[in-house]
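To start, the structure itself, in C-alpha cells.
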Amino acid sequence: MEISSKYSPKDIETKWYKEWLDNKLFRSIPDHREPYTIVIPPPNVTGVLHMGHMLNNTIQDVLVRRARMLGKNACWVPGTDHASIATEAKVVAMLKEKGIEKKSISRDEFLGYAWEWKEKYGGIILEQLKKLGCSCDWDRTRFTMEPSLSEAVIDVFIDLHSKGLIYRGSRMVNWDPAGKTALSDEEVIYKEVDSKLYYIKYFVPDSDEYIMVATTRPETLLGDTAVCANPNDERYKKFIGKTVIVPIVNREVPVIFDEYVDAEFGTGVLKITPAHDINDYNLGIKHNVPSIDCFNDDGTMSEAAGFYIGMDRFAVRKQIAKDLAESGHLEKEEAIKNKVGYSERTDAVIEPRISKQWFVDMKKYMARNPEVLDSVMNDEIQFYPSKLKNTYNHWITNIKDWCISRQLWWGQRIPAWYDEQGNTVVAKTHEEALELYQKQFNNSAVKQLNQDEDVLDTWFSSWLWPISVFDGFKDPDNADINYYYPTNDLVTAPEIMFFWVARMIMSGYEYKGQKPFSNVYYTGIVRDKLRRKMSKSLGNSPDPLPMMDEYGADAVRMGMMLCSPAGNDILFDISQVEQGRNFSNKIWNAYRLVMGWETTQTATEYYSIYGFVAQNWMETKLNKAIIEVNEHFDKFRLSDALMVIYKLIWDDFCSWYLEMMKPPYGDPIHDKALVQVKSVFERLMRLLHPFMPFISEEIRDGLLGNIHSYINKSKWPECIPDIKPVFYENSFELITLIRNKRNENGISPKTPAIVSVSTDDTSGYKSLYDVIRKLANVEVIDFIKSSKGLKGMVNKDEVSIEYIGWEMKQADSSELQKEIDYLTGFLKSIEAKLTNEKFMANAKPDLIDKERQKKADAESKIETLRQQLG
RNA sequence: GGGAGCUUAGCUCAGCUGGUUCAGAGCACCUGCCUUACAAGCAGGGGGUCACUGGUUCGAACCCAGUAGCUCCCA
C-alpha cells in the first residue's frame with residue numbers, strides 16, 4: 001500500500017468524527033465510575049466560531065478526553081445561551097429587511113420570528129465545534145430559553161424575591177439607546193475619547209453677572225435644574241441664595257452648594273442634570289431639586305426637553321454649541337480627553353438614565369452566602385492562574401446590586417404583576433398573581449393585573465447553568481444532578497469572571513449549598529501578533545473554519561495549545577498552526593516508515609542488541625515523560641504537557657529511537673522488534689490524543705490493524721515499573737560529538753570516522769557499539785588512547801576522531817583550551833565556597849558534599865584535558 | 001483617583017522551599033546537507049548585566065525597599 005508523504009487531515013477528521021458520533025463515544029450516563037464534568041460556557045446563540053472559542057473549547061476537550069482515558073465517566077455538556085440583546089438585534093434587523101417594524105407587531109409575533117431565527121441559525125456554532133473535534137455529549141445539548149431552563153429562571157426569581165433578595169427600584173441605569181435597554185455595569189465598556197469642554201454662561205436674572213459652567217455634554221442643559229459650587233469656593237460665595245437662567249430654555253434654577261464639587265476642575269461649578277448623571281442625581285436628591293428627563297429612549301430629545309425635540313443627542317450637541325455661541329452664552333471650547341461608556345453589545349454611547357428596574361440585593365445575598373468569597377480565597381475552588389483571586393476578592397467585597405431587568409422581548413419575562421396603581425405582586429402565572437394580590441391587598445374587585453413588560457438579563461439564566469443543565473431545579477434530586485454536580489472544571493476567559501464565574505458560585509451555594517465546580521481555568525485573550533485583541537471590526541481574526549480545512553483541526557488545536565499557559569494572552573499567528581501541521585506530518589511519516597517495514601522471524605544480532613538497548617532507552621524516556629505530563633496536567637499546565645509530548649515524539653521517538661530500530665537498508669525488521677516499535681508508537685498516540693484527537697486515532701487504528709477499538713476508549717498510558725534505566729548518555733554524547741566535529745570542520749556526513757575512546761568503563765559504549773557506528777557513520781571504534789585526530793571529551797572520557805581521507809590541518813586545541821578555562825573558573829568558584837567559613841557553617845551537609853564532588857570532578861577533567869593538549 | 005499584576009534570548013514563555021543538573025524551552029535566525037519515513041525534513045550553531053538602583057545573605061533571576069515602563073480591574 002502506498003501512503004502519501006504528506007498528511008492530509010481533512011477526510012480523516014471527517015471520517016473519525018462521524019464514527020465517534022455514530023458510536024456514541026461521548027455519551028455519558030451516570031454509573032459506578034467517578035464522574036468528570038464540564039459544562040460549556042454557553043456560546044452566544046447568534047455567534048459564529050471565533051478564535052476565542054477555538055482556544056476555550058480546545059482546552060475543555062483536552063481535559064475531557066484525558067479524563068475519559070483515565071477511566072472517569074466524562075461528561076461535557078454543550079449548549080448555547082439566548083443572548084437577549086444580541087439576538088433581539090439580529091431579529092429586528094432581519095424583520096427590517098422584510099419591511100417589518102418591531103413596533104408594528106405584537107410581542108407574541110415577534111417571539112415567533114425570534115424562535116424561527118433561533119431554529120435556523122442558533123445551532124451553527126455547535127456544528128462548528130464538531131469540526132474542532134469537541135467531544136461533547138450532544139444528546140445533552142441545552143439552551144437557556146428552552147422550557148425547563150426558563151422555568152428554573154422564573155422560579156429562582158420568585159424564590160429570591162420571597163427571600164427579600166430581589167427588589168424593584170428607581171435607579172440611574174446604563175441606558176443603551178440603540179438596544180433600548182438598561183445594561184449592567186459589567187456590560188459597559190469605558191473608552192478614552194477626544195471630547196470638548198464647553199464653557200457656558202448662566203446669567204443671573206436681570207443682570208450682567210453670570211456663572212460659568214464647564215461641561216462635556218451641553219445638550220443635557222435642557223434638563224438642568226440647578227448649578228452647584230463648592231461652599232468653600234470664595235469665587236462663588238456671592239451667589240448664595242441667588243438663581244441663574246439656564247440658556248436656551250430660559251429656566252430659572254437655584255445656585256446650590258456642596259462639598260462634592262471639585263473647585264479645581266473646570267470653572268469649579270457643576271450644572272446639575274439629575275436625570276442624566278449619577279452624581280447629579282445624588283446631589284439632586286440631597287438638595288431637593290427636580291429632575292427633567294430630556295431624552296427619549298432612543299437618545300433623541302424628548303418633549304420634556306422643550307427644544308430640539310426628536311433630534312439625536314449628538315446632533316443636538318453640535319447645534320446647541322452653535323446656538324449658545326450665537327446668543328453669547330458660549331465662552332469657549334476646550335479639547336480634553338475623557339472616558340465615555342459604550343454598550344458592549346451595540347457599541348452605542350451609554351446614556352445614564354433613571355428608570356425602574358429589578359435588582360438583586362448583593363449585600364444581602366453575600367451575607368447569606370459567605371462561601372461565595374471564602375471558597376475561592378481558601379482554594380476550595382481553585383483559580384488557574386491563582387493571581388486572579390485578587391481580582392475576585394476585590395469585586396466581591398465591593399459588589400454592587402445586580403440590575404437584572406432588560407427592556408426587551410427575547411428572554412424570560414419578569415413574573416411581576418401590577419395593578420393600575422402600581423401595586424406589585426410576584427408570581428408565576430396571572431392566576432397565582434391574582435390570588436396573591438387579592439390576599440395581599442385585600443382587594444377582590446381587581447380581576448386583571450398587568451405583567452411587567454421586561455425580560456430578565458441573560459446572565460440571570462446562565463448563572464444557573466451548572467445546575468439547570470441537569471434539571472436540578474425542576475427535579476432537585478434526580479440522578480444526573482446528584483451524580484454530575486458539583487462539576488469539576490470550568491474553562492472561561494478572565495473578563496467573564498464577574499458576569500458568570502462569580503454568579504455561578506453564588507447560585508451554587510444558594511441553591512445547592514455547594515460549589516458549582518472545583519477548578520476554574522482562565523484562558524487568555526486571543527490577540528494578533530501586534531497584541532491587538534482579535535475582533536470583527538479590526539478584521540484581524542482569521543476564520544477558523546477554512547483554517548481547519550487547510551491545516552487540519554489537530555494542527556490548529558496544537559498551534560493554539562503550544563503557547564497558551566493559563567491566564568496568558570495568546571498571540572496567535574498562522575506560523576503556530578504550521579508548526580502543528582508540521583508535527584502532524586512528522587508523525588505521519590514515522591507511521592509510513594513503521595508500516596513499510598518487511599518483517600522476518602530470524603533473530604539477527606542486530607535485533608538482539610538494538611531490540612534491547614533501544615527499547616530500554618525508549619521505555620525509560622516514555623516513563624519519565626508520562627510522569628512529567630501528569631504533573632503538568634495536575635497543575636493545569638497544558639502547554640507544558642503538550643511540549644513534553646512534542647519533544648518525546650519528535651526528538652526521542654523519531655530522531656533517536658526509530659533511527660536505532662531502523663534495520664539496515666533493505667533488511668527486514670524482526671517481527672518482535674516491530675511489535676515493540678508499534679507498542680511504543682501506540683502509547684505515544686494515546687498520550688497525544690487529548691491534544692490531537694484525529695491523527696492519534698487514525699494512526700493508532702492503523703497500528704492495531706484497523707480494528708476500530710477507538711483511542712477515546714483506551715486507557716491513559718501508565719509507567720512501566722520494571723524498566724531499569726541503563727547508562728547510555730555517554731554513547732549519545734559521543735554520537736553528537738562525532739557529528740559536531742564533522743560539522744565544525746566542514747566534513748561531509750558521508751565521510752566515515754575512526755574513533756578512539758579512552759575510558760575506565762567501556763560497557764556503556766560497547767552496548768551501543770552498532771548504534772554509534774550507524775548514527776554517527778563510524779567505521780570502527782577502539783578503546784585505546786590515541787594521539788591522532790580531533791580531540792574531544794565525553795564527560796571524563798577522552799575521545800580522538802579521525803575522518804577517513806580528511807587531513808587535519810593543525811592541532812585542534814582552541815576548544816580544549818576553552819573548556820579548560822571554563823572549568824578553571826568553575827573550580828575557583830567552588831573553592832571559594834569551600835574555603836568560606838560561613839558557607840561551611842550555614843550550608844546543609846549534603847550541599848557541601850555535592851560541592852566537594854563537583855570540585856573533584858572538575859579537577860580530574862582539567863587534568864585529562866591538559867594531557868590531551870600535550 | 002483606588003486596587004492588582006507583569007518586566008528573563010529577536011518573539012512567546014518556563015524557572016518550585018534562595019545553592020553550576022540554574023540561566024532554560026519552543027519558534028525565529030545562522031551554517032552544512034535533496035543521507036532510500038519526512039525539505040512541512042536532517043545534522044549542527046550563535047543569541048540574555050534575568051527592567052534599573054540599593055539592601056538582606058556566605059550565596060539572589062528568586063527575599064525586601066525604591067525607581068522606571070507595561071497590562072488589567074474598579075471608579
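The way I read the labels, and the way they are meant: chains A, B, ... in the order of the C-alpha cells, residue 1 as the first residue of every chain, and ligand 1 as the first ligand shown, with later ones counted on from there.
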Counting only C-alpha atoms (C1' of nucleotides), give me one row per residue of chain A with an atom at most 8 Å from an atom of chain B, showing the shortest contact pair and its distance in Å to one decimal, sorted by chain then residue number, as CSV.
```
residue,atom,partner,partner_atom,distance
A:Ser5,CA,B:C38,C1',6.9
A:Lys6,CA,B:A40,C1',7.9
A:Lys387,CA,B:G5,C1',7.7
A:Asn390,CA,B:A4,C1',6.5
A:Thr391,CA,B:C73,C1',6.6
A:His394,CA,B:G3,C1',7.7
A:Trp395,CA,B:C74,C1',7.7
A:Cys563,CA,B:U12,C1',6.7
A:Leu571,CA,B:U12,C1',7.5
A:Glu578,CA,B:A40,C1',7.7
A:Arg581,CA,B:A40,C1',7.0
A:Asn582,CA,B:A40,C1',4.6
A:Asn585,CA,B:A40,C1',6.5
A:Lys586,CA,B:C38,C1',5.9
A:Asn589,CA,B:A37,C1',4.8
A:Ala590,CA,B:A37,C1',5.5
A:Tyr591,CA,B:A37,C1',7.5
A:Arg592,CA,B:A37,C1',5.7
A:Leu593,CA,B:A37,C1',4.3
A:Val594,CA,B:A37,C1',7.9
A:Met643,CA,B:G26,C1',7.9
A:Tyr665,CA,B:U36,C1',7.8
A:Arg739,CA,B:A43,C1',7.1
A:Asn740,CA,B:G44,C1',6.2
A:Asn743,CA,B:G44,C1',6.2
A:Gly746,CA,B:G32,C1',7.2
A:Pro749,CA,B:C33,C1',7.9
A:Lys750,CA,B:U35,C1',7.7
A:Phe826,CA,B:U20,C1',7.8
A:Lys833,CA,B:C58,C1',7.5
A:Asn836,CA,B:C58,C1',6.5
A:Glu837,CA,B:C58,C1',7.4
A:Lys838,CA,B:C58,C1',4.8
A:Phe839,CA,B:C58,C1',4.4
A:Asn842,CA,B:C58,C1',7.6
A:Leu847,CA,B:G19,C1',7.6
```
For the residues in the current selection, export N, CA and C atoms as an mmCIF file, in the first residue's frame.
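Once everything was written out, this is selection.cif:
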```cif
data_model
loop_
_atom_site.group_PDB
_atom_site.id
_atom_site.type_symbol
_atom_site.label_atom_id
_atom_site.label_comp_id
_atom_site.auth_asym_id
_atom_site.auth_seq_id
_atom_site.Cartn_x
_atom_site.Cartn_y
_atom_site.Cartn_z
ATOM 1 N N SER A 5 3.396 10.961 1.293
ATOM 2 C CA SER A 5 4.383 11.531 2.220
ATOM 3 C C SER A 5 3.864 12.805 2.867
ATOM 4 N N LYS A 6 2.718 13.268 2.404
ATOM 5 C CA LYS A 6 2.108 14.434 3.046
ATOM 6 C C LYS A 6 0.817 13.989 3.713
ATOM 7 N N LYS A 387 -3.456 34.093 40.682
ATOM 8 C CA LYS A 387 -3.381 35.536 40.924
ATOM 9 C C LYS A 387 -4.725 36.221 40.694
ATOM 10 N N ASN A 390 -7.180 37.709 43.538
ATOM 11 C CA ASN A 390 -7.186 39.106 43.997
ATOM 12 C C ASN A 390 -8.320 39.897 43.368
ATOM 13 N N THR A 391 -8.433 39.748 42.076
ATOM 14 C CA THR A 391 -9.473 40.470 41.345
ATOM 15 C C THR A 391 -10.848 40.059 41.846
ATOM 16 N N HIS A 394 -11.588 41.523 45.275
ATOM 17 C CA HIS A 394 -11.866 42.950 45.194
ATOM 18 C C HIS A 394 -13.286 43.210 44.711
ATOM 19 N N TRP A 395 -13.686 42.452 43.720
ATOM 20 C CA TRP A 395 -15.012 42.665 43.152
ATOM 21 C C TRP A 395 -16.101 42.247 44.143
ATOM 22 N N CYS A 563 1.215 27.600 22.972
ATOM 23 C CA CYS A 563 1.700 28.858 23.536
ATOM 24 C C CYS A 563 0.649 29.523 24.380
ATOM 25 N N LEU A 571 -0.825 35.108 21.571
ATOM 26 C CA LEU A 571 -0.555 35.934 20.400
ATOM 27 C C LEU A 571 -0.577 35.011 19.200
ATOM 28 N N GLU A 578 1.124 26.213 11.469
ATOM 29 C CA GLU A 578 2.066 25.499 10.600
ATOM 30 C C GLU A 578 2.906 24.529 11.407
ATOM 31 N N ARG A 581 0.840 21.617 11.938
ATOM 32 C CA ARG A 581 0.754 20.811 10.729
ATOM 33 C C ARG A 581 2.054 20.042 10.509
ATOM 34 N N ASN A 582 3.162 20.688 10.714
ATOM 35 C CA ASN A 582 4.446 20.016 10.548
ATOM 36 C C ASN A 582 4.577 18.829 11.496
ATOM 37 N N ASN A 585 2.616 16.013 10.244
ATOM 38 C CA ASN A 585 3.325 15.389 9.134
ATOM 39 C C ASN A 585 4.482 14.529 9.601
ATOM 40 N N LYS A 586 5.127 14.993 10.631
ATOM 41 C CA LYS A 586 6.241 14.226 11.188
ATOM 42 C C LYS A 586 5.731 12.878 11.703
ATOM 43 N N ASN A 589 4.833 10.550 8.895
ATOM 44 C CA ASN A 589 5.953 9.917 8.209
ATOM 45 C C ASN A 589 6.614 8.836 9.053
ATOM 46 N N ALA A 590 6.579 9.014 10.356
ATOM 47 C CA ALA A 590 7.060 7.940 11.219
ATOM 48 C C ALA A 590 6.174 6.710 11.024
ATOM 49 N N TYR A 591 4.896 7.010 10.885
ATOM 50 C CA TYR A 591 3.926 5.939 10.650
ATOM 51 C C TYR A 591 4.212 5.233 9.327
ATOM 52 N N ARG A 592 4.474 6.018 8.300
ATOM 53 C CA ARG A 592 4.809 5.431 6.992
ATOM 54 C C ARG A 592 6.017 4.521 7.107
ATOM 55 N N LEU A 593 7.010 4.989 7.832
ATOM 56 C CA LEU A 593 8.225 4.199 7.989
ATOM 57 C C LEU A 593 7.913 2.854 8.642
ATOM 58 N N VAL A 594 7.232 2.940 9.747
ATOM 59 C CA VAL A 594 6.967 1.730 10.522
ATOM 60 C C VAL A 594 6.099 0.761 9.728
ATOM 61 N N MET A 643 4.200 20.213 25.292
ATOM 62 C CA MET A 643 5.595 20.345 24.874
ATOM 63 C C MET A 643 6.396 19.088 25.213
ATOM 64 N N TYR A 665 19.583 -0.759 5.536
ATOM 65 C CA TYR A 665 18.796 -0.545 4.327
ATOM 66 C C TYR A 665 18.526 -1.846 3.587
ATOM 67 N N ARG A 739 29.433 13.942 15.229
ATOM 68 C CA ARG A 739 28.705 14.749 14.239
ATOM 69 C C ARG A 739 29.166 16.201 14.270
ATOM 70 N N ASN A 740 29.355 16.659 15.507
ATOM 71 C CA ASN A 740 29.794 18.034 15.710
ATOM 72 C C ASN A 740 31.103 18.351 15.036
ATOM 73 N N ASN A 743 30.784 18.701 11.439
ATOM 74 C CA ASN A 743 30.188 19.974 11.072
ATOM 75 C C ASN A 743 31.150 21.132 11.173
ATOM 76 N N GLY A 746 33.651 21.100 8.425
ATOM 77 C CA GLY A 746 33.148 21.052 7.059
ATOM 78 C C GLY A 746 33.348 19.715 6.378
ATOM 79 N N PRO A 749 28.904 14.442 5.898
ATOM 80 C CA PRO A 749 28.355 13.375 6.746
ATOM 81 C C PRO A 749 28.656 11.994 6.183
ATOM 82 N N LYS A 750 28.968 11.982 4.891
ATOM 83 C CA LYS A 750 29.219 10.685 4.271
ATOM 84 C C LYS A 750 30.615 10.161 4.577
ATOM 85 N N PHE A 826 35.143 27.712 37.038
ATOM 86 C CA PHE A 826 34.153 26.957 37.798
ATOM 87 C C PHE A 826 34.756 26.438 39.098
ATOM 88 N N LYS A 833 33.734 28.808 47.796
ATOM 89 C CA LYS A 833 32.700 28.382 48.729
ATOM 90 C C LYS A 833 33.281 27.516 49.844
ATOM 91 N N ASN A 836 35.081 29.257 52.404
ATOM 92 C CA ASN A 836 34.323 30.282 53.111
ATOM 93 C C ASN A 836 33.748 29.695 54.404
ATOM 94 N N GLU A 837 34.227 30.214 55.523
ATOM 95 C CA GLU A 837 33.813 29.652 56.818
ATOM 96 C C GLU A 837 32.311 29.693 57.004
ATOM 97 N N LYS A 838 31.719 30.821 56.587
ATOM 98 C CA LYS A 838 30.281 30.978 56.796
ATOM 99 C C LYS A 838 29.481 29.998 55.960
ATOM 100 N N PHE A 839 29.987 29.770 54.740
ATOM 101 C CA PHE A 839 29.309 28.787 53.903
ATOM 102 C C PHE A 839 29.365 27.417 54.561
ATOM 103 N N ASN A 842 26.926 27.359 57.443
ATOM 104 C CA ASN A 842 25.491 27.501 57.202
ATOM 105 C C ASN A 842 24.881 26.512 56.225
ATOM 106 N N LEU A 847 24.812 19.525 50.740
ATOM 107 C CA LEU A 847 25.210 20.522 49.755
ATOM 108 C C LEU A 847 26.731 20.626 49.702
#
```
Q) range 293-385 of chain A: which residues are strand (DSSP E) by DSSP, as a list in words? A)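 Of range 293-385 of chain A, only Leu330, Glu331, Lys332, Glu333, Glu334, Ala335, Ile336, Lys337, Asn338, Lys339, Val340, Gly341, Tyr342, Ser343, Glu351, Pro352, Arg353, Ile354, Ser355, Lys356, Gln357, Trp358, Phe359, Val360, Gln382, Phe383 and Tyr384 of chain A fall in strand (DSSP E).
With CA of Pro41 in chain A on one side and CA of Lys163 in chain A on the other, the separation reads 28.4 Å.
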Atom pair CA of Leu490 in chain A + CA of Leu25 in chain A, distance 21.7 Å
Practice problem: Choose the residue, out of B:A75, B:C34, B:C50, B:A68, that has the smallest atom-to-atom separation from G15 in chain B; count only C-alpha atoms (C1' of nucleotides). | Solution: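 Going through B:A75, B:C34, B:C50, B:A68 one by one, the smallest distance to G15 in chain B is for B:C50.
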Worksheet item: If we count only C-alpha atoms (C1' of nucleotides), what is near G66 in chain B at a cut-off of 12 Å, once residues fewer than 4 positions away on the same chain are taken out, given as number ranges by chain?
Response: B: 52-55
Take the residues that were just selected and, keeping N, CA and C atoms (P, O5', C5', C4', C3', O3' and C1' of nucleotides), output them as a PDB file, in the first residue's frame.
```pdb
ATOM      1  P     C B  52      18.601  45.256  34.623  1.00  0.00           P
ATOM      2  O5'   C B  52      18.551  46.707  35.251  1.00  0.00           O
ATOM      3  C5'   C B  52      18.853  47.854  34.459  1.00  0.00           C
ATOM      4  C4'   C B  52      18.592  49.097  35.272  1.00  0.00           C
ATOM      5  C3'   C B  52      19.275  49.117  36.636  1.00  0.00           C
ATOM      6  O3'   C B  52      20.614  49.539  36.550  1.00  0.00           O
ATOM      7  C1'   C B  52      17.016  49.746  36.884  1.00  0.00           C
ATOM      8  P     U B  53      21.702  48.954  37.578  1.00  0.00           P
ATOM      9  O5'   U B  53      21.337  49.718  38.926  1.00  0.00           O
ATOM     10  C5'   U B  53      21.339  51.148  38.959  1.00  0.00           C
ATOM     11  C4'   U B  53      20.880  51.608  40.319  1.00  0.00           C
ATOM     12  C3'   U B  53      21.485  50.862  41.492  1.00  0.00           C
ATOM     13  O3'   U B  53      22.793  51.321  41.783  1.00  0.00           O
ATOM     14  C1'   U B  53      19.161  51.113  41.831  1.00  0.00           C
ATOM     15  P     G B  54      23.725  50.464  42.710  1.00  0.00           P
ATOM     16  O5'   G B  54      23.143  50.902  44.125  1.00  0.00           O
ATOM     17  C5'   G B  54      23.377  50.120  45.256  1.00  0.00           C
ATOM     18  C4'   G B  54      22.338  50.456  46.292  1.00  0.00           C
ATOM     19  C3'   G B  54      22.253  49.422  47.394  1.00  0.00           C
ATOM     20  O3'   G B  54      23.257  49.632  48.369  1.00  0.00           O
ATOM     21  C1'   G B  54      20.091  49.857  46.588  1.00  0.00           C
ATOM     22  P     G B  55      24.051  48.372  48.857  1.00  0.00           P
ATOM     23  O5'   G B  55      22.994  47.676  49.816  1.00  0.00           O
ATOM     24  C5'   G B  55      22.434  48.423  50.888  1.00  0.00           C
ATOM     25  C4'   G B  55      21.243  47.708  51.460  1.00  0.00           C
ATOM     26  C3'   G B  55      21.521  46.311  52.000  1.00  0.00           C
ATOM     27  O3'   G B  55      22.108  46.347  53.283  1.00  0.00           O
ATOM     28  C1'   G B  55      19.532  46.293  50.721  1.00  0.00           C
TER      29        G B  55
END
```
query: Got a sec: who's within 9 Å of range 274-291 of chain A, counting only C-alpha atoms (C1' of nucleotides), leaving out chain neighbours fewer than 6 positions off, as a PyMOL selection string?
result: chain A and resi 171-173+220+223-226+228+253-254+256-258+260+351-354
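Counting only C-alpha atoms, the residue from A:Ala445, A:Phe498, A:Gly472, A:Asn519 that sits nearest to Asn398 in chain A is A:Phe498.
Computed from the coordinates, the CA of Lys774 in chain A to CA of Pro752 in chain A distance equals 10.0 Å.
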| request: Write out as a list in words the residues lying within 7 Å of range 818-824 of chain A, counting only C-alpha atoms (C1' of nucleotides) and excluding same-chain residues fewer than 4 positions away. | output: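 The residues that qualify are Ser814, Lys828, Ala858, Ile862 and Leu865 of chain A.
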Q. Which residues come within 8 Å of range 632-638 of chain A, counting only C-alpha atoms (C1' of nucleotides), excluding same-chain residues fewer than 2 positions away, as a PyMOL selection string?
A. chain A and resi 384+521+561+565-566+628-630+640-642
Exercise. Between A:Trp175, A:Phe383, A:Trp459, A:Tyr113, which has the minimum distance to Val349 in chain A (counting only C-alpha atoms)?
Worked result: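 Counting only C-alpha atoms, the residue closest to Val349 in chain A is A:Trp175.
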Practice problem: For Ile645 in chain A, please output as a VMD selection string all residues within 12 Å (counting only C-alpha atoms (C1' of nucleotides); exclusion window: fewer than 5 positions along the same chain). | Solution: chain A and resid 558 562 583 587 621 to 630 632 638 to 640 650 to 653 683 to 692
For the selection just defined, write its residues with N, CA and C atoms to a file, as an mmCIF file, in the first residue's frame.
```cif
data_model
loop_
_atom_site.group_PDB
_atom_site.id
_atom_site.type_symbol
_atom_site.label_atom_id
_atom_site.label_comp_id
_atom_site.auth_asym_id
_atom_site.auth_seq_id
_atom_site.Cartn_x
_atom_site.Cartn_y
_atom_site.Cartn_z
ATOM 1 N N MET A 558 -3.207 22.187 18.137
ATOM 2 C CA MET A 558 -1.819 22.156 18.603
ATOM 3 C C MET A 558 -1.215 23.559 18.597
ATOM 4 N N LEU A 562 0.115 25.207 22.159
ATOM 5 C CA LEU A 562 1.553 25.278 22.411
ATOM 6 C C LEU A 562 1.964 26.532 23.162
ATOM 7 N N PHE A 583 4.054 19.029 12.682
ATOM 8 C CA PHE A 583 4.112 17.948 13.663
ATOM 9 C C PHE A 583 3.255 16.765 13.201
ATOM 10 N N ILE A 587 4.650 12.924 12.435
ATOM 11 C CA ILE A 587 4.068 11.694 12.971
ATOM 12 C C ILE A 587 3.632 10.787 11.833
ATOM 13 N N LYS A 621 12.579 6.810 28.637
ATOM 14 C CA LYS A 621 12.130 8.158 28.249
ATOM 15 C C LYS A 621 10.613 8.285 28.387
ATOM 16 N N LEU A 622 9.933 7.247 27.961
ATOM 17 C CA LEU A 622 8.475 7.263 27.999
ATOM 18 C C LEU A 622 7.971 7.343 29.445
ATOM 19 N N ASN A 623 8.565 6.551 30.289
ATOM 20 C CA ASN A 623 8.197 6.595 31.714
ATOM 21 C C ASN A 623 8.344 7.999 32.278
ATOM 22 N N LYS A 624 9.484 8.572 31.995
ATOM 23 C CA LYS A 624 9.781 9.897 32.532
ATOM 24 C C LYS A 624 8.774 10.914 31.997
ATOM 25 N N ALA A 625 8.490 10.799 30.717
ATOM 26 C CA ALA A 625 7.567 11.758 30.098
ATOM 27 C C ALA A 625 6.163 11.625 30.680
ATOM 28 N N ILE A 626 5.720 10.401 30.910
ATOM 29 C CA ILE A 626 4.373 10.193 31.453
ATOM 30 C C ILE A 626 4.247 10.874 32.810
ATOM 31 N N ILE A 627 5.276 10.712 33.628
ATOM 32 C CA ILE A 627 5.255 11.356 34.940
ATOM 33 C C ILE A 627 5.176 12.872 34.785
ATOM 34 N N GLU A 628 5.997 13.399 33.901
ATOM 35 C CA GLU A 628 6.010 14.856 33.707
ATOM 36 C C GLU A 628 4.670 15.363 33.175
ATOM 37 N N VAL A 629 4.152 14.662 32.203
ATOM 38 C CA VAL A 629 2.883 15.098 31.607
ATOM 39 C C VAL A 629 1.788 15.102 32.674
ATOM 40 N N ASN A 630 1.750 14.059 33.482
ATOM 41 C CA ASN A 630 0.730 14.011 34.537
ATOM 42 C C ASN A 630 0.889 15.157 35.523
ATOM 43 N N HIS A 632 2.147 18.066 34.920
ATOM 44 C CA HIS A 632 1.691 19.290 34.256
ATOM 45 C C HIS A 632 0.165 19.356 34.219
ATOM 46 N N LEU A 638 -1.174 22.998 30.587
ATOM 47 C CA LEU A 638 -1.447 22.172 29.419
ATOM 48 C C LEU A 638 -0.407 22.371 28.321
ATOM 49 N N SER A 639 0.073 23.597 28.158
ATOM 50 C CA SER A 639 1.045 23.777 27.078
ATOM 51 C C SER A 639 2.369 23.101 27.422
ATOM 52 N N ASP A 640 2.687 23.056 28.702
ATOM 53 C CA ASP A 640 3.903 22.335 29.093
ATOM 54 C C ASP A 640 3.746 20.835 28.865
ATOM 55 N N TRP A 650 8.998 13.812 18.751
ATOM 56 C CA TRP A 650 9.885 14.272 17.678
ATOM 57 C C TRP A 650 11.344 13.885 17.940
ATOM 58 N N ASP A 651 11.810 14.224 19.128
ATOM 59 C CA ASP A 651 13.240 14.006 19.392
ATOM 60 C C ASP A 651 13.536 12.567 19.796
ATOM 61 N N ASP A 652 12.900 12.115 20.846
ATOM 62 C CA ASP A 652 13.253 10.802 21.382
ATOM 63 C C ASP A 652 12.784 9.676 20.460
ATOM 64 N N PHE A 653 11.546 9.754 20.073
ATOM 65 C CA PHE A 653 10.988 8.657 19.286
ATOM 66 C C PHE A 653 11.505 8.672 17.835
ATOM 67 N N ARG A 683 1.360 3.832 22.315
ATOM 68 C CA ARG A 683 1.255 4.555 23.591
ATOM 69 C C ARG A 683 1.460 6.063 23.396
ATOM 70 N N LEU A 684 2.366 6.390 22.501
ATOM 71 C CA LEU A 684 2.574 7.814 22.216
ATOM 72 C C LEU A 684 1.297 8.450 21.673
ATOM 73 N N MET A 685 0.606 7.715 20.840
ATOM 74 C CA MET A 685 -0.641 8.254 20.286
ATOM 75 C C MET A 685 -1.679 8.457 21.375
ATOM 76 N N ARG A 686 -1.688 7.563 22.346
ATOM 77 C CA ARG A 686 -2.627 7.744 23.462
ATOM 78 C C ARG A 686 -2.282 8.991 24.271
ATOM 79 N N LEU A 687 -0.979 9.211 24.480
ATOM 80 C CA LEU A 687 -0.584 10.424 25.205
ATOM 81 C C LEU A 687 -0.980 11.682 24.439
ATOM 82 N N LEU A 688 -0.855 11.592 23.151
ATOM 83 C CA LEU A 688 -1.117 12.763 22.307
ATOM 84 C C LEU A 688 -2.609 13.020 22.116
ATOM 85 N N HIS A 689 -3.379 11.962 22.299
ATOM 86 C CA HIS A 689 -4.772 12.020 21.874
ATOM 87 C C HIS A 689 -5.591 13.207 22.387
ATOM 88 N N PRO A 690 -5.479 13.606 23.656
ATOM 89 C CA PRO A 690 -6.301 14.735 24.086
ATOM 90 C C PRO A 690 -6.024 16.003 23.278
ATOM 91 N N PHE A 691 -4.798 16.157 22.842
ATOM 92 C CA PHE A 691 -4.434 17.369 22.110
ATOM 93 C C PHE A 691 -4.759 17.251 20.622
ATOM 94 N N MET A 692 -4.418 16.102 20.044
ATOM 95 C CA MET A 692 -4.637 15.908 18.611
ATOM 96 C C MET A 692 -5.460 14.627 18.414
#
```
Q) Between B:U57, B:C29, B:G69, B:G24, which is the closest to G10 in chain B once you count only C-alpha atoms (C1' of nucleotides)? A)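 Between B:U57, B:C29, B:G69, B:G24, the residue approaching G10 in chain B most closely is B:C29.
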Requested in this report: Quick one: pick out all helix (DSSP H, G or I) residues within range 273-341 of chain A from a backbone DSSP run and write them as a PyMOL selection string.
Outcome: chain A and resi 278-287+303-305+313-326
